[in-house]
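Q: Input structure: protein_32.tsv, which contains TSV, C-alpha atoms.
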```tsv
chain	number	residue	atom	x	y	z
A	1	MET	CA	-99.85	92.21	-92.34
A	2	SER	CA	-99.28	94.92	-89.73
A	3	PRO	CA	-96.67	94.34	-87.02
A	4	LEU	CA	-97.56	93.42	-83.46
A	5	SER	CA	-97.94	96.29	-81.03
A	6	ASP	CA	-96.82	96.41	-77.43
A	7	GLY	CA	-99.63	95.62	-75.01
A	8	GLN	CA	-101.98	93.94	-77.45
A	9	GLU	CA	-103.47	90.50	-76.89
A	10	LEU	CA	-102.84	87.69	-79.37
A	11	THR	CA	-105.08	84.61	-79.31
A	12	VAL	CA	-103.67	81.40	-80.75
A	13	ASP	CA	-105.67	78.14	-80.61
A	14	GLY	CA	-107.75	79.43	-77.73
A	15	ARG	CA	-104.83	80.68	-75.64
A	16	VAL	CA	-104.41	84.38	-74.99
A	17	PHE	CA	-100.92	85.91	-75.03
A	18	GLN	CA	-100.04	89.37	-73.76
A	19	VAL	CA	-97.64	90.88	-76.30
A	20	ARG	CA	-94.54	92.74	-75.24
A	21	VAL	CA	-92.55	94.37	-78.06
A	22	SER	CA	-88.95	95.48	-77.56
A	23	SER	CA	-86.49	96.99	-80.02
A	24	ARG	CA	-83.74	95.25	-78.02
A	25	ARG	CA	-85.00	91.81	-79.06
A	26	SER	CA	-84.06	89.94	-82.22
A	27	LYS	CA	-86.01	86.75	-81.52
A	28	LEU	CA	-89.44	85.76	-80.26
A	29	GLY	CA	-89.76	84.42	-76.72
A	30	LEU	CA	-92.43	83.08	-74.38
A	31	THR	CA	-92.95	83.37	-70.63
A	32	VAL	CA	-95.43	81.50	-68.47
A	33	GLU	CA	-96.03	83.96	-65.65
A	34	ARG	CA	-96.45	82.95	-62.02
A	35	ASP	CA	-100.20	83.54	-62.25
A	36	GLY	CA	-100.48	81.24	-65.27
A	37	SER	CA	-100.87	84.01	-67.84
A	38	LEU	CA	-98.83	83.85	-71.05
A	39	THR	CA	-96.52	86.56	-72.37
A	40	LEU	CA	-95.19	86.68	-75.92
A	41	ARG	CA	-92.05	88.79	-76.27
A	42	ALA	CA	-91.42	90.00	-79.78
A	43	PRO	CA	-88.93	92.17	-81.66
A	44	SER	CA	-90.06	95.30	-83.44
A	45	ALA	CA	-91.77	94.80	-86.80
A	46	CYS	CA	-92.76	91.20	-86.01
A	47	ASP	CA	-96.09	90.34	-87.68
A	48	ALA	CA	-98.86	88.16	-86.26
A	49	MET	CA	-98.36	85.32	-88.76
A	50	ARG	CA	-94.75	84.82	-87.66
A	51	ALA	CA	-95.79	85.04	-83.99
A	52	GLU	CA	-98.60	82.50	-84.39
A	53	ALA	CA	-96.25	80.03	-86.09
A	54	PHE	CA	-93.77	80.44	-83.25
A	55	VAL	CA	-96.45	79.87	-80.60
A	56	ARG	CA	-97.74	76.74	-82.35
A	57	GLY	CA	-94.21	75.41	-82.61
A	58	SER	CA	-93.78	75.99	-78.87
A	59	ARG	CA	-97.00	74.21	-77.83
A	60	GLN	CA	-95.17	71.30	-76.18
A	61	TRP	CA	-92.97	73.69	-74.17
A	62	ILE	CA	-96.01	75.70	-73.05
A	63	ASP	CA	-97.91	72.56	-72.02
A	64	GLY	CA	-94.93	71.36	-69.99
A	65	LYS	CA	-94.53	74.68	-68.19
A	66	LEU	CA	-98.23	74.84	-67.35
A	67	ARG	CA	-98.15	71.28	-65.97
A	68	LEU	CA	-95.14	72.20	-63.84
A	69	ARG	CA	-96.98	75.28	-62.57
A	70	ASP	CA	-99.90	73.11	-61.52
A	71	GLN	CA	-97.53	70.82	-59.62
A	72	LEU	CA	-95.98	73.83	-57.89
A	73	ARG	CA	-99.25	75.63	-57.21
A	74	PRO	CA	-98.73	78.26	-54.50
A	75	VAL	CA	-99.78	77.56	-50.93
A	76	HIS	CA	-99.23	81.10	-49.67
A	77	PRO	CA	-100.26	81.55	-46.01
A	78	THR	CA	-102.40	84.24	-44.46
A	79	ARG	CA	-101.43	86.33	-41.46
A	80	ALA	CA	-103.77	87.62	-38.73
A	81	PHE	CA	-101.11	89.51	-36.70
A	82	THR	CA	-101.44	87.59	-33.46
A	83	ASP	CA	-98.76	86.88	-30.88
A	84	GLY	CA	-96.43	84.08	-31.93
A	85	GLU	CA	-97.03	84.19	-35.70
A	86	THR	CA	-93.88	83.42	-37.66
A	87	TYR	CA	-92.39	85.93	-40.08
A	88	ARG	CA	-89.22	85.41	-42.10
A	89	TYR	CA	-86.50	87.88	-42.95
A	90	LEU	CA	-83.60	86.75	-45.15
A	91	GLY	CA	-84.43	83.13	-44.40
A	92	ARG	CA	-84.54	83.40	-40.60
A	93	GLU	CA	-87.74	82.99	-38.62
A	94	TYR	CA	-88.92	85.62	-36.15
A	95	ARG	CA	-91.96	85.35	-33.86
A	96	LEU	CA	-94.37	88.25	-33.75
A	97	LEU	CA	-94.63	90.03	-30.40
A	98	LEU	CA	-97.43	92.53	-29.84
A	99	VAL	CA	-96.20	95.44	-27.77
A	100	ASP	CA	-97.45	98.69	-26.29
A	101	GLU	CA	-94.45	100.89	-27.00
A	102	SER	CA	-93.86	104.28	-28.58
A	103	GLY	CA	-91.97	104.60	-31.82
A	104	ALA	CA	-92.25	102.78	-35.13
A	105	PRO	CA	-95.24	100.42	-35.39
A	106	VAL	CA	-92.96	97.57	-36.59
A	107	ARG	CA	-89.38	96.82	-35.67
A	108	LEU	CA	-87.06	93.86	-35.32
A	109	SER	CA	-85.52	93.74	-31.86
A	110	ALA	CA	-84.06	91.07	-29.60
A	111	GLY	CA	-84.95	88.30	-32.01
A	112	ARG	CA	-88.66	89.24	-32.25
A	113	LEU	CA	-90.65	91.17	-34.80
A	114	ARG	CA	-92.42	93.69	-32.60
A	115	LEU	CA	-95.78	95.12	-33.70
A	116	ASP	CA	-97.74	97.85	-31.97
A	117	LYS	CA	-100.93	96.44	-30.41
A	118	ALA	CA	-103.09	99.30	-31.65
A	119	THR	CA	-101.85	98.68	-35.20
A	120	ALA	CA	-102.41	94.93	-34.87
A	121	ALA	CA	-106.04	95.50	-33.89
A	122	ASP	CA	-106.79	96.61	-37.47
A	123	VAL	CA	-105.76	93.82	-39.86
A	124	GLN	CA	-105.48	96.08	-42.90
A	125	MET	CA	-103.43	98.66	-41.00
A	126	ALA	CA	-101.20	95.90	-39.66
A	127	ARG	CA	-100.73	94.52	-43.15
A	128	ARG	CA	-99.71	97.94	-44.46
A	129	SER	CA	-97.31	98.48	-41.58
A	130	VAL	CA	-95.61	95.08	-41.84
A	131	THR	CA	-95.25	95.23	-45.63
A	132	ALA	CA	-93.89	98.79	-45.29
A	133	TRP	CA	-91.29	97.40	-42.87
A	134	TYR	CA	-90.27	94.78	-45.45
A	135	ARG	CA	-90.00	97.49	-48.10
A	136	ARG	CA	-87.84	99.64	-45.86
A	137	VAL	CA	-85.41	96.98	-44.68
A	138	GLY	CA	-85.39	95.36	-48.13
A	139	GLN	CA	-84.49	98.65	-49.79
A	140	ASN	CA	-81.54	99.15	-47.44
A	141	TRP	CA	-80.33	95.57	-47.92
A	142	ALA	CA	-80.65	95.67	-51.71
A	143	GLN	CA	-78.73	98.93	-51.99
A	144	GLY	CA	-75.75	97.26	-50.33
A	145	ARG	CA	-75.85	94.22	-52.65
A	146	LEU	CA	-76.49	95.94	-55.96
A	147	GLN	CA	-73.02	97.34	-56.66
A	148	PRO	CA	-71.08	94.05	-56.30
A	149	TRP	CA	-73.50	92.19	-58.56
A	150	ALA	CA	-73.56	94.99	-61.14
A	151	ALA	CA	-69.75	94.95	-61.20
A	152	ARG	CA	-69.66	91.16	-61.58
A	153	MET	CA	-72.07	91.33	-64.52
A	154	ASP	CA	-70.38	94.39	-66.04
A	155	VAL	CA	-73.48	96.59	-66.08
A	156	ALA	CA	-74.29	99.98	-64.61
A	157	GLU	CA	-76.23	100.14	-61.36
A	158	PRO	CA	-79.92	100.73	-62.07
A	159	ALA	CA	-82.18	102.61	-59.72
A	160	VAL	CA	-83.84	100.12	-57.37
A	161	THR	CA	-87.17	100.21	-55.58
A	162	VAL	CA	-88.87	97.67	-53.32
A	163	ARG	CA	-92.62	97.41	-53.77
A	164	ASP	CA	-95.42	95.01	-54.65
A	165	VAL	CA	-94.76	93.81	-58.21
A	166	GLY	CA	-97.63	91.35	-58.37
A	167	ARG	CA	-96.73	87.73	-59.02
A	168	ARG	CA	-93.11	88.36	-59.96
A	169	TRP	CA	-90.09	88.53	-57.69
A	170	GLY	CA	-88.56	91.38	-59.64
A	171	THR	CA	-88.73	93.41	-62.84
A	172	TYR	CA	-86.33	95.50	-64.89
A	173	ARG	CA	-87.34	98.32	-67.20
A	174	ALA	CA	-84.80	100.03	-69.43
A	175	GLY	CA	-84.57	103.82	-69.33
A	176	ASP	CA	-84.12	106.15	-72.30
A	177	THR	CA	-81.10	107.99	-70.93
A	178	ASP	CA	-80.07	106.22	-67.73
A	179	SER	CA	-79.42	102.67	-66.49
A	180	GLY	CA	-83.07	101.84	-66.03
A	181	GLN	CA	-85.22	100.79	-63.10
A	182	MET	CA	-85.17	97.55	-61.12
A	183	SER	CA	-88.10	96.75	-58.85
A	184	LEU	CA	-87.98	93.98	-56.26
A	185	HIS	CA	-91.03	92.51	-54.55
A	186	TRP	CA	-91.03	93.24	-50.81
A	187	ALA	CA	-91.92	89.57	-50.19
A	188	VAL	CA	-88.65	88.33	-51.69
A	189	PHE	CA	-86.83	89.47	-48.54
A	190	GLN	CA	-88.42	86.62	-46.62
A	191	LEU	CA	-86.23	84.23	-48.61
A	192	PRO	CA	-82.61	83.30	-47.82
A	193	ALA	CA	-80.02	85.86	-48.88
A	194	GLN	CA	-78.64	83.69	-51.70
A	195	LEU	CA	-82.06	83.60	-53.33
A	196	VAL	CA	-82.47	87.37	-53.05
A	197	ASP	CA	-79.03	87.69	-54.68
A	198	TYR	CA	-80.24	85.37	-57.44
A	199	VAL	CA	-83.27	87.60	-58.08
A	200	ILE	CA	-81.05	90.69	-58.22
A	201	ALA	CA	-78.61	89.03	-60.64
A	202	HIS	CA	-81.52	87.67	-62.68
A	203	GLU	CA	-82.87	91.18	-63.24
A	204	LEU	CA	-79.42	92.69	-63.88
A	205	ALA	CA	-78.90	90.14	-66.65
A	206	HIS	CA	-81.87	91.67	-68.46
A	207	MET	CA	-79.86	94.87	-68.83
A	208	ARG	CA	-77.80	92.98	-71.41
A	209	VAL	CA	-80.17	90.31	-72.75
A	210	ALA	CA	-83.95	90.58	-73.06
A	211	GLY	CA	-86.06	87.50	-72.52
A	212	HIS	CA	-84.99	84.13	-71.14
A	213	GLY	CA	-83.39	82.48	-74.16
A	214	PRO	CA	-80.10	80.55	-74.31
A	215	ASP	CA	-78.01	83.74	-74.46
A	216	TYR	CA	-79.64	84.98	-71.28
A	217	TRP	CA	-78.94	81.79	-69.33
A	218	ARG	CA	-75.35	81.66	-70.58
A	219	LEU	CA	-74.82	85.17	-69.23
A	220	LEU	CA	-76.44	84.42	-65.89
A	221	ARG	CA	-74.56	81.12	-65.56
A	222	ARG	CA	-71.25	82.96	-65.92
A	223	ALA	CA	-72.17	85.14	-62.94
A	224	ILE	CA	-73.88	82.37	-60.93
A	225	PRO	CA	-72.78	78.86	-62.02
A	226	GLU	CA	-75.44	77.32	-59.78
A	227	CYS	CA	-78.28	79.48	-61.18
A	228	GLU	CA	-80.41	76.48	-62.24
A	229	ARG	CA	-80.33	75.05	-58.73
A	230	LEU	CA	-81.17	78.43	-57.22
A	231	LYS	CA	-84.08	78.84	-59.63
A	232	GLU	CA	-85.49	75.49	-58.49
A	233	GLU	CA	-85.10	76.53	-54.84
A	234	LEU	CA	-86.82	79.84	-55.56
A	235	ASP	CA	-89.70	78.08	-57.32
A	236	GLU	CA	-90.20	75.72	-54.39
A	237	MET	CA	-89.66	78.11	-51.46
A	238	GLY	CA	-91.52	80.92	-53.19
A	239	ARG	CA	-94.73	78.88	-53.06
A	240	ARG	CA	-94.81	79.30	-49.28
A	241	VAL	CA	-93.90	82.96	-48.95
A	242	TRP	CA	-96.40	85.34	-47.34
A	243	LEU	CA	-97.57	87.76	-50.03
A	244	GLY	CA	-99.67	89.96	-47.78
A	245	ASP	CA	-102.78	87.78	-47.59
A	246	VAL	CA	-104.97	88.22	-44.52
A	247	PRO	CA	-108.12	86.33	-43.43
A	248	ALA	CA	-111.23	87.13	-45.45
A	249	ASP	CA	-112.96	87.62	-42.10
A	250	PRO	CA	-110.57	89.86	-40.10
A	251	ALA	CA	-111.95	88.51	-36.80
A	252	ARG	CA	-111.31	84.90	-37.78
A	253	GLY	CA	-108.16	83.49	-36.31
A	254	ARG	CA	-107.62	86.46	-34.01
A	255	GLY	CA	-107.10	85.64	-30.37
A	256	VAL	CA	-107.91	87.85	-27.43
A	257	THR	CA	-104.98	90.01	-26.42
A	258	HIS	CA	-104.27	92.23	-23.43
```
Here is the file; what I need is its structure written in the form of C-alpha cells.

A:
Amino acid sequence: MSPLSDGQELTVDGRVFQVRVSSRRSKLGLTVERDGSLTLRAPSACDAMRAEAFVRGSRQWIDGKLRLRDQLRPVHPTRAFTDGETYRYLGREYRLLLVDESGAPVRLSAGRLRLDKATAADVQMARRSVTAWYRRVGQNWAQGRLQPWAARMDVAEPAVTVRDVGRRWGTYRAGDTDSGQMSLHWAVFQLPAQLVDYVIAHELAHMRVAGHGPDYWRLLRRAIPECERLKEELDEMGRRVWLGDVPADPARGRGVTH
C-alpha cells in the first residue's frame, strides 16, 4: 500500500481528515482544529492502513474533543466602528473615539483607540485599518518577547509575522536552511499578555517537537509549568475575541455621527 501524501484527504468511518506528513515525526497524531475540521499528522512512509487503525483507536478521544468544542462554541462579536465600541489590546479595554485628525487612520492615544471618521464611514475600510493597526503593534510587541522565550526553550529565534492565520492563534513552519517562520494571528493581541506569551511559547515548542503528544507537553511544561491552566484560559477567552467580523448589513448598528 502506498504511503500517505501531504495534503491528501483520508476518510475513516465517514469522517474526513486532512493529512499532514512530516519527516520530523515518528508517531501519528490527531488535531481537532478550532473550526471543527480534523487533521491527521503522520510520519513519512506511513501507509493508509496504519493511519486508519490509529484513527479508529482514537475515536473516543475525537468524540470527546468534538463535544468540548461544541460546549465552547465561539461567540465572536461584530464591530460596526461607532463611537464607544470596546476594543482590547493586551487584555485592557479601550473605547473607540471617532476623530477628524490628520495622520494615521488608527492610533491609541490618551486611553482611547482613535479612528478617523472618514475611514469609519466605510466598514470594510475601517476593518482593514483597525486590523492593520493590530498587526503593526502586535509585530512590535512580539519582536520584543521572542528572544527571551527562545532562550528559555533553547531554540533559535524564528522569523515572525503577524497576520490572519484563520482559526488558529499561531503557526510554525520549519525552514530548509534557517530557523523557520512563526506566524501569529493579529487577533491574539487582544488577549492578556500572559496568553500571548503562551501562544509564542506554544509555537516555539514545535521547533523541537512536532504535534501535541506527551513529549510536546513535557517540553512546554518545563518552560511554562502552568501551561494547562493557560490553555484553558485561552480556550475560554478566545471564544469572545473579535476576529474582524462586521455586520452583514454595513448600515445596521451604525449611529449617526457628526

Q: How would you write as a count of residues only the residues that get within 7 Å of (-88.6, 99.1, -60.8) in the file's frame, counting all atoms listed in the file?

A: 9

Q: Smallest atom-to-atom distance to Thr78 in chain A: which of A:Tyr216, A:Arg127, A:Gln194, A:Ser2, using only C-alpha atoms?

A: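 Of A:Tyr216, A:Arg127, A:Gln194, A:Ser2, the one nearest Thr78 in chain A, counting only C-alpha atoms, is A:Arg127.
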
Q: Set the distance at 12 Å and use only C-alpha atoms: which residues neighbour range 112-123 of chain A once local chain neighbours fewer than 3 positions away are removed? I'd like the list as a PyMOL selection string.

A: chain A and resi 78-89+92-109+126-131+133-134+244-258

Q: So that I have them on file, write out the residues from the current selection with C-alpha atoms, as a PDB file, in the frame of the given file.

A:
```
ATOM      1  CA  THR A  78    -102.400  84.240 -44.460  1.00  0.00           C
ATOM      2  CA  ARG A  79    -101.430  86.330 -41.460  1.00  0.00           C
ATOM      3  CA  ALA A  80    -103.770  87.620 -38.730  1.00  0.00           C
ATOM      4  CA  PHE A  81    -101.110  89.510 -36.700  1.00  0.00           C
ATOM      5  CA  THR A  82    -101.440  87.590 -33.460  1.00  0.00           C
ATOM      6  CA  ASP A  83     -98.760  86.880 -30.880  1.00  0.00           C
ATOM      7  CA  GLY A  84     -96.430  84.080 -31.930  1.00  0.00           C
ATOM      8  CA  GLU A  85     -97.030  84.190 -35.700  1.00  0.00           C
ATOM      9  CA  THR A  86     -93.880  83.420 -37.660  1.00  0.00           C
ATOM     10  CA  TYR A  87     -92.390  85.930 -40.080  1.00  0.00           C
ATOM     11  CA  ARG A  88     -89.220  85.410 -42.100  1.00  0.00           C
ATOM     12  CA  TYR A  89     -86.500  87.880 -42.950  1.00  0.00           C
ATOM     13  CA  ARG A  92     -84.540  83.400 -40.600  1.00  0.00           C
ATOM     14  CA  GLU A  93     -87.740  82.990 -38.620  1.00  0.00           C
ATOM     15  CA  TYR A  94     -88.920  85.620 -36.150  1.00  0.00           C
ATOM     16  CA  ARG A  95     -91.960  85.350 -33.860  1.00  0.00           C
ATOM     17  CA  LEU A  96     -94.370  88.250 -33.750  1.00  0.00           C
ATOM     18  CA  LEU A  97     -94.630  90.030 -30.400  1.00  0.00           C
ATOM     19  CA  LEU A  98     -97.430  92.530 -29.840  1.00  0.00           C
ATOM     20  CA  VAL A  99     -96.200  95.440 -27.770  1.00  0.00           C
ATOM     21  CA  ASP A 100     -97.450  98.690 -26.290  1.00  0.00           C
ATOM     22  CA  GLU A 101     -94.450 100.890 -27.000  1.00  0.00           C
ATOM     23  CA  SER A 102     -93.860 104.280 -28.580  1.00  0.00           C
ATOM     24  CA  GLY A 103     -91.970 104.600 -31.820  1.00  0.00           C
ATOM     25  CA  ALA A 104     -92.250 102.780 -35.130  1.00  0.00           C
ATOM     26  CA  PRO A 105     -95.240 100.420 -35.390  1.00  0.00           C
ATOM     27  CA  VAL A 106     -92.960  97.570 -36.590  1.00  0.00           C
ATOM     28  CA  ARG A 107     -89.380  96.820 -35.670  1.00  0.00           C
ATOM     29  CA  LEU A 108     -87.060  93.860 -35.320  1.00  0.00           C
ATOM     30  CA  SER A 109     -85.520  93.740 -31.860  1.00  0.00           C
ATOM     31  CA  ALA A 126    -101.200  95.900 -39.660  1.00  0.00           C
ATOM     32  CA  ARG A 127    -100.730  94.520 -43.150  1.00  0.00           C
ATOM     33  CA  ARG A 128     -99.710  97.940 -44.460  1.00  0.00           C
ATOM     34  CA  SER A 129     -97.310  98.480 -41.580  1.00  0.00           C
ATOM     35  CA  VAL A 130     -95.610  95.080 -41.840  1.00  0.00           C
ATOM     36  CA  THR A 131     -95.250  95.230 -45.630  1.00  0.00           C
ATOM     37  CA  TRP A 133     -91.290  97.400 -42.870  1.00  0.00           C
ATOM     38  CA  TYR A 134     -90.270  94.780 -45.450  1.00  0.00           C
ATOM     39  CA  GLY A 244     -99.670  89.960 -47.780  1.00  0.00           C
ATOM     40  CA  ASP A 245    -102.780  87.780 -47.590  1.00  0.00           C
ATOM     41  CA  VAL A 246    -104.970  88.220 -44.520  1.00  0.00           C
ATOM     42  CA  PRO A 247    -108.120  86.330 -43.430  1.00  0.00           C
ATOM     43  CA  ALA A 248    -111.230  87.130 -45.450  1.00  0.00           C
ATOM     44  CA  ASP A 249    -112.960  87.620 -42.100  1.00  0.00           C
ATOM     45  CA  PRO A 250    -110.570  89.860 -40.100  1.00  0.00           C
ATOM     46  CA  ALA A 251    -111.950  88.510 -36.800  1.00  0.00           C
ATOM     47  CA  ARG A 252    -111.310  84.900 -37.780  1.00  0.00           C
ATOM     48  CA  GLY A 253    -108.160  83.490 -36.310  1.00  0.00           C
ATOM     49  CA  ARG A 254    -107.620  86.460 -34.010  1.00  0.00           C
ATOM     50  CA  GLY A 255    -107.100  85.640 -30.370  1.00  0.00           C
ATOM     51  CA  VAL A 256    -107.910  87.850 -27.430  1.00  0.00           C
ATOM     52  CA  THR A 257    -104.980  90.010 -26.420  1.00  0.00           C
ATOM     53  CA  HIS A 258    -104.270  92.230 -23.430  1.00  0.00           C
TER      54      HIS A 258
END
```

Q: List the spatial neighbours of Leu191 in chain A as a list in words - criterion: any atom at most 9 Å away, only C-alpha atoms, same-chain residues fewer than 4 positions off excluded.

A: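 Those residues are Arg88, Tyr89, Leu90, Gly91, Arg92, Ala187, Leu195, Val196, Leu234, Met237, Gly238 and Val241 of chain A.
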
Q: Show me, as a list in words, the residues that have an atom within 10 Å of range 8-18 of chain A when counting only C-alpha atoms, minus same-chain residues fewer than 3 positions from it.

A: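 Near range 8-18 of chain A, the qualifying residues are Leu4, Ser5, Val21, Leu30, Thr31, Val32, Ser37, Leu38, Thr39, Leu40, Arg41, Ala48, Ala51, Glu52, Ala53, Val55, Arg56 and Arg59 of chain A.
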
Q: Compile the contact shell of Pro148 in chain A as a list in words: residues with an atom at most 12 Å away, counting all atoms listed in the file, same-chain residues fewer than 6 positions apart removed.

A: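 What passes the distance filter is Ala142, Asp154, Val155, Ala156, Glu157, Asp197, Ile200, Ala201, Leu204 and Ala223 of chain A.
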
Q: By how many Å are CA of Gly170 in chain A and CA of Tyr198 in chain A apart?

A: 10.5 Å

Q: So how many Å separate CA of Ser23 in chain A and CA of His212 in chain A, to one decimal?

A: 15.7 Å

Q: Name the closest residue to Trp169 in chain A among the candidates A:Leu243, A:Ala132, A:Ala110, A:Leu68; distances are taken between atoms, counting only C-alpha atoms.

A: A:Leu243

Q: As an exercise, work out the distance from CA of Leu146 in chain A to CA of Ala193 in chain A in Å and give it to one decimal place.

A: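 Going from CA of Leu146 in chain A over to CA of Ala193 in chain A covers 12.8 Å.
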
Q: Quick one: of A:Arg240, A:Ser58, A:His202, A:Pro192, who's nearest to Glu228 in chain A, counting all atoms listed in the file?

A: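 Checking each of A:Arg240, A:Ser58, A:His202, A:Pro192 against Glu228 in chain A, counting all atoms listed in the file, the winner is A:His202.
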
Q: Got a sec: who's within 12 Å of Lys27 in chain A, counting only C-alpha atoms, leaving out chain neighbours fewer than 6 positions off, as JSON, numbers by chain?

A: {"A": [21, 40, 41, 42, 43, 44, 45, 46, 50, 51, 54, 209, 210, 211, 212, 213, 214, 215]}

Q: If the box runs along x, y and z of the file and leaves 6 Å on each side of range 135-140 of chain A, what are its centre and edge lengths in Å, one decimal, as lines of an AutoDock Vina configuration file?

A:
```
center_x = -85.8
center_y = 97.5
center_z = -47.2
size_x = 20.5
size_y = 16.3
size_z = 17.1
```

Q: Which polymer residues, protein or nucleic acid, are no farther than 12 Å from (-96.9, 72.8, -60.5), counting all atoms listed in the file, as a PDB file with C-alpha atoms, in the coordinates of the input?

A:
```pdb
ATOM      1  CA  VAL A  32     -95.430  81.500 -68.470  1.00  0.00           C
ATOM      2  CA  ARG A  34     -96.450  82.950 -62.020  1.00  0.00           C
ATOM      3  CA  ASP A  35    -100.200  83.540 -62.250  1.00  0.00           C
ATOM      4  CA  GLY A  36    -100.480  81.240 -65.270  1.00  0.00           C
ATOM      5  CA  ASP A  63     -97.910  72.560 -72.020  1.00  0.00           C
ATOM      6  CA  GLY A  64     -94.930  71.360 -69.990  1.00  0.00           C
ATOM      7  CA  LYS A  65     -94.530  74.680 -68.190  1.00  0.00           C
ATOM      8  CA  LEU A  66     -98.230  74.840 -67.350  1.00  0.00           C
ATOM      9  CA  ARG A  67     -98.150  71.280 -65.970  1.00  0.00           C
ATOM     10  CA  LEU A  68     -95.140  72.200 -63.840  1.00  0.00           C
ATOM     11  CA  ARG A  69     -96.980  75.280 -62.570  1.00  0.00           C
ATOM     12  CA  ASP A  70     -99.900  73.110 -61.520  1.00  0.00           C
ATOM     13  CA  GLN A  71     -97.530  70.820 -59.620  1.00  0.00           C
ATOM     14  CA  LEU A  72     -95.980  73.830 -57.890  1.00  0.00           C
ATOM     15  CA  ARG A  73     -99.250  75.630 -57.210  1.00  0.00           C
ATOM     16  CA  PRO A  74     -98.730  78.260 -54.500  1.00  0.00           C
ATOM     17  CA  VAL A  75     -99.780  77.560 -50.930  1.00  0.00           C
ATOM     18  CA  GLU A 232     -85.490  75.490 -58.490  1.00  0.00           C
ATOM     19  CA  ASP A 235     -89.700  78.080 -57.320  1.00  0.00           C
ATOM     20  CA  GLU A 236     -90.200  75.720 -54.390  1.00  0.00           C
ATOM     21  CA  ARG A 239     -94.730  78.880 -53.060  1.00  0.00           C
TER      22      ARG A 239
END
```

Q: Between A:Met49, A:Ala174, A:Met125, A:Ala159, which is the closest to Gln147 in chain A once you count only C-alpha atoms?

A: A:Ala159

Q: Find, counting only C-alpha atoms, the residue in A:Val199, A:Gly166, A:Gly138, A:Ala151 that gets nearest to Leu230 in chain A.

A: A:Val199
